[in-house]
Amino acid sequence: MIDLKDLRENRALYEAGFKKKFVDIDVNKLLELDEKYRGELQKVEAMRAEKNEVSKLVPTLADDKKKAKIAEMKELGDKLDKAEESMNTIFVQLKELADLAPNPPHESVPEGKDDEENEAIKTVGEIPKFDFEPKDHLELGEILDVIDMESAAKTSGARFYYLKNELVLIEFALFNWLLSKYVKKGFIPVTVPMLVKEEMMYATGFFPADKNEIYHVNPGEDDLYLVGTSEVPLAGLHMGAPVKIDELPKRYVGFSSCFRREAGSYGKDTRGILRVHQFDKMEMFSFCHPDKSWEEHELLLSIEEEILSELGLPYQVMNICGGDLGAPAAKKYDLEVWVPTQNKYRELTSCSNCTDFQARRGGIKFKDETGTHFMHTLNGTALSSARTLIAILENFQQKDGSVKIPEVLHPYLPGVSEIKPKKP
RNA sequence: GGAGAGGUGGCCGAGCGGUUUAAGGCGCACGCCUGGAACGCGUGUUUCCGCCUCUGGCGGAUCGAGGGUUCGAAUCCCUUCCUCUCCGCCA
């Protein structure tokens, strides 16, 4: 949700922002509806004022005068009903249009219409050179007996998988390693509800835009939605009740399974566990003072880089262009990890500064001496399981098909330093 | 799943159709009192929105949320969410 008052005052800024995001919003119509609404509101409030005044007067009147006043008020009541109805009609139109308006991007966001035009900022780590033909993660998964997609297809269909043996140990080791890391950094660890109400999806900006990406559970009965990321329930931690300014920033690291329909990606990345309906993810979420959010954004990015560096995975940092940003983010960095068998970098983590966009929709505020204000919210992937496992399998594979496990994980994996082939 | 109770301002807590502009208390802020403090006294103290004569004023909404009845709703009716107690079931 954008600030309409601010739109009135800084119209050009918003128009440039919408254009940079390739979102076509009729700003004239939006401002026109806004003005019309405020006009209607004034009429309605004037009538309500009269009603309130007379209501106070009525009990003090004598019977005959009372009857006359009540009759008069009944008439005013009808007029008020009509005025309210027309005001509400305009408000619905106004809100519908305003909800489509995206968060304007930061000036440092590159111009561009889709992911082709994202800007590589830096490349870190050595791309592995193999003196043999590297196997892809699925082939390795079968040889090592750590991934089973055939069984998952029977139980659940395409884009599901079983992890087995060492890969399960590695997944839990990764999360345990990160929990220690984040607690040391002062993040509050949380596990979150993975089913949420519709209003949470709107507040975080996933609805209406990404509605067909989300699983809807028991429509018309329970009406809950499976989260595609713990960002959604994490944002809910400070909705409604304002946080004291000296408690900022509030940094959380949340864990959840993530569920995605992948509706628009038929035929894309169909092999293996790169694009799946369910995976586990640890997510950073930061509630911070508006003056500090750009600093905070760089901090989240630096932690994501630290994680990949310590794992020894080669990656590059992308500054996401306007057209590829999505509605809530004012700026987003993606970290892409090297996938040897695809001979390219693939998206692994992502971190966004949503400034006050989610805060406005969800009522996320802090208070200081001068009153309450909207916070800025930021989120970033700490680690997503399936894709990280792909990166580990493929980048650290040996000629005989065995895979070396990154040293930082050894303390969390007693007695296991590599995965050895179990099948020829 | 069954039966019941309840959601009121920063907090506690009354009110259950019209002097309630939400009593009273606690807390907080300011002032008086004091050598200074406590006590006491006084004043103020929800949030959001709109308008204007914009360090201020006026108005509206807000008693979990939404709808209804009424000239008038915290109060009556319906729907819904949440909390608590007991029973059942259960990791």
# chains A, B, ... in the order shown; residues from 1 in each chain; ligands from 1

$ closest_atom_pairs --of "chain B" --to "chain A" --cutoff "6 Å" --atoms "only C-alpha atoms (C1' of nucleotides)" --output "tab-separated table"
residue	atom	partner	partner_atom	distance
B:G18	C1'	A:Pro59	CA	5.7
B:G60	C1'	A:Glu45	CA	5.3
B:C71	C1'	A:Ile70	CA	4.3
B:G72	C1'	A:Ser55	CA	5.6

$ residues_around --residues "G25 of chain B" --least-positions-apart "4" --cutoff "12 Å" --atoms "only C-alpha atoms (C1' of nucleotides)" --output "list in words"
C11, C12, G13 and A14 of chain B

$ write_last_selection --atoms "C-alpha atoms (C1' of nucleotides)" --output "CSV table (one decimal), in the first residue's frame"
chain,number,residue,atom,x,y,z
B,11,C,C1',-3.2,-1.6,32.5
B,12,C,C1',-7.3,-3.1,36.0
B,13,G,C1',-12.4,-2.5,36.0
B,14,A,C1',-17.9,-0.6,35.9

$ residues_around --residues "G2 of chain B" --least-positions-apart "5" --cutoff "12 Å" --atoms "only C-alpha atoms (C1' of nucleotides)" --output "list in words"
C86, C87, G88 and C89 of chain B

$ write_last_selection --atoms "N, CA and C atoms (P, O5', C5', C4', C3', O3' and C1' of nucleotides)" --output "PDB file, in the first residue's frame"
ATOM      1  P     C B  86     -10.171 -26.926  33.403  1.00  0.00           P
ATOM      2  O5'   C B  86     -11.484 -27.772  33.109  1.00  0.00           O
ATOM      3  C5'   C B  86     -12.386 -28.092  34.167  1.00  0.00           C
ATOM      4  C4'   C B  86     -13.645 -28.698  33.606  1.00  0.00           C
ATOM      5  C3'   C B  86     -13.453 -29.930  32.732  1.00  0.00           C
ATOM      6  O3'   C B  86     -13.238 -31.106  33.478  1.00  0.00           O
ATOM      7  C1'   C B  86     -14.978 -28.462  31.690  1.00  0.00           C
ATOM      8  P     C B  87     -12.367 -32.280  32.846  1.00  0.00           P
ATOM      9  O5'   C B  87     -13.337 -32.866  31.726  1.00  0.00           O
ATOM     10  C5'   C B  87     -14.499 -33.612  32.089  1.00  0.00           C
ATOM     11  C4'   C B  87     -15.296 -33.973  30.858  1.00  0.00           C
ATOM     12  C3'   C B  87     -14.560 -34.804  29.813  1.00  0.00           C
ATOM     13  O3'   C B  87     -14.468 -36.166  30.152  1.00  0.00           O
ATOM     14  C1'   C B  87     -15.745 -33.066  28.735  1.00  0.00           C
ATOM     15  P     G B  88     -13.207 -37.013  29.627  1.00  0.00           P
ATOM     16  O5'   G B  88     -13.475 -37.107  28.057  1.00  0.00           O
ATOM     17  C5'   G B  88     -14.558 -37.905  27.553  1.00  0.00           C
ATOM     18  C4'   G B  88     -14.638 -37.758  26.057  1.00  0.00           C
ATOM     19  C3'   G B  88     -13.378 -38.116  25.282  1.00  0.00           C
ATOM     20  O3'   G B  88     -13.261 -39.509  25.086  1.00  0.00           O
ATOM     21  C1'   G B  88     -14.215 -36.056  24.483  1.00  0.00           C
ATOM     22  P     C B  89     -11.826 -40.181  25.118  1.00  0.00           P
ATOM     23  O5'   C B  89     -11.190 -39.671  23.754  1.00  0.00           O
ATOM     24  C5'   C B  89     -11.703 -40.122  22.502  1.00  0.00           C
ATOM     25  C4'   C B  89     -11.053 -39.352  21.384  1.00  0.00           C
ATOM     26  C3'   C B  89      -9.534 -39.409  21.344  1.00  0.00           C
ATOM     27  O3'   C B  89      -9.045 -40.599  20.752  1.00  0.00           O
ATOM     28  C1'   C B  89     -10.222 -37.176  21.069  1.00  0.00           C
TER      29        C B  89
END

$ residues_around --residues "Lys36 of chain A" --least-positions-apart "3" --cutoff "10 Å" --atoms "only C-alpha atoms (C1' of nucleotides)" --output "MDAnalysis selection string"
chainID A and resid 30:33 39:41 87 90:91 94

$ write_last_selection --atoms "C-alpha atoms" --output "PDB file, in the first residue's frame"
ATOM      1  CA  LEU A  30      -6.315   7.361  -8.716  1.00  0.00           C
ATOM      2  CA  LEU A  31      -5.986  10.991  -7.648  1.00  0.00           C
ATOM      3  CA  GLU A  32      -9.415  11.786  -9.016  1.00  0.00           C
ATOM      4  CA  LEU A  33     -10.997   8.991  -6.983  1.00  0.00           C
ATOM      5  CA  GLY A  39     -15.349  15.191  -0.851  1.00  0.00           C
ATOM      6  CA  GLU A  40     -17.991  12.544  -0.128  1.00  0.00           C
ATOM      7  CA  LEU A  41     -16.413  11.888   3.248  1.00  0.00           C
ATOM      8  CA  MET A  87     -18.963   7.140  -0.541  1.00  0.00           C
ATOM      9  CA  ILE A  90     -15.989   5.294  -4.467  1.00  0.00           C
ATOM     10  CA  PHE A  91     -13.811   3.967  -1.646  1.00  0.00           C
ATOM     11  CA  LEU A  94     -10.124   3.800  -4.836  1.00  0.00           C
TER      12      LEU A  94
END

$ select_by_dssp --residues "segment 150-303 of chain A" --states "alpha helix (DSSP H)" --output "PyMOL selection string"
chain A and resi 150-156+165-184+198-203+231-235+293-303

$ atom_distance --atom1 "atom CA of Lys29 of chain A" --atom2 "atom CA of Ala327 of chain A"
19.7 Å

$ closest_residue --among "A:Lys19, A:Lys292, A:Asp3, A:Glu84" --to "Tyr37 of chain A" --atoms "only C-alpha atoms"
A:Glu84

$ closest_residue --among "B:C16, B:C39, B:C63, B:A23" --to "C76 of chain B" --atoms "only C-alpha atoms (C1' of nucleotides)"
B:C16

$ select_by_dssp --residues "segment 6-164 of chain A" --states "strand (DSSP E)" --output "PyMOL selection string"
chain A and resi 119-124+147-148+162-163

$ atom_distance --atom1 "atom CA of Leu226 of chain A" --atom2 "atom CA of Leu195 of chain A"
4.7 Å

$ residues_around --residues "segment 238-254 of chain A" --least-positions-apart "5" --cutoff "6 Å" --atoms "only C-alpha atoms (C1' of nucleotides)" --output "list in words"
Phe187, Ile188, Pro189, Val190, Thr191, Met282, Glu283, Met284, Phe285, Ser286, Phe287, Cys288, Gly362, Gly363, Ile364, Lys365, Phe366, Lys367 and Asp368 of chain A

$ residues_around --residues "Thr355 of chain A" --least-positions-apart "6" --cutoff "9 Å" --atoms "only C-alpha atoms (C1' of nucleotides)" --output "list in words"
Asn103, Pro290, Ser293, Trp294, Pro328, Ala329, Ala330, Lys331, Met375, His376, Thr377 and Leu378 of chain A

$ atom_distance --atom1 "atom CA of Thr341 of chain A" --atom2 "atom CA of Leu311 of chain A"
19.0 Å

$ closest_residue --among "A:Lys185, A:Arg387, A:His277, A:Lys82" --to "Gly157 of chain A" --atoms "only C-alpha atoms"
A:His277

$ closest_residue --among "A:Thr370, A:Glu15, A:Glu262, A:Lys43" --to "C51 of chain B" --atoms "only C-alpha atoms (C1' of nucleotides)"
A:Lys43

$ closest_residue --among "B:A22, B:C90, B:A37, B:C84" --to "U62 of chain B" --atoms "only C-alpha atoms (C1' of nucleotides)"
B:A22

$ closest_residue --among "B:G6, B:G17, B:G40, B:G1" --to "A73 of chain B" --atoms "only C-alpha atoms (C1' of nucleotides)"
B:G17

$ residues_around --residues "Asp210 of chain A" --least-positions-apart "3" --cutoff "12 Å" --atoms "only C-alpha atoms (C1' of nucleotides)" --output "list in words"
Met201, Tyr202, Thr204, Gly205, Phe206, Phe207, Glu213, Ile214, Tyr215, Val227, Gly228, Arg260, Arg261, Glu262, Ala263, Gly264, Gly326, Ala327 and Pro328 of chain A

$ write_last_selection --atoms "C-alpha atoms" --output "tab-separated table (two decimals), in the first residue's frame"
chain	number	residue	atom	x	y	z
A	201	MET	CA	-1.24	-12.75	2.27
A	202	TYR	CA	-2.56	-9.28	1.43
A	204	THR	CA	2.69	-8.99	2.91
A	205	GLY	CA	1.84	-8.21	-0.71
A	206	PHE	CA	1.58	-11.79	-2.04
A	207	PHE	CA	-2.08	-11.19	-2.81
A	213	GLU	CA	1.21	-19.46	-6.65
A	214	ILE	CA	-0.30	-20.22	-3.25
A	215	TYR	CA	-2.06	-23.36	-1.99
A	227	VAL	CA	2.92	-20.18	3.19
A	228	GLY	CA	5.35	-19.96	0.28
A	260	ARG	CA	4.55	-23.24	-3.95
A	261	ARG	CA	2.24	-24.28	-6.74
A	262	GLU	CA	4.74	-23.33	-9.49
A	263	ALA	CA	1.66	-22.83	-11.64
A	264	GLY	CA	3.36	-20.72	-14.28
A	326	GLY	CA	7.62	-7.43	-7.57
A	327	ALA	CA	5.21	-5.07	-5.83
A	328	PRO	CA	6.44	-4.92	-2.21
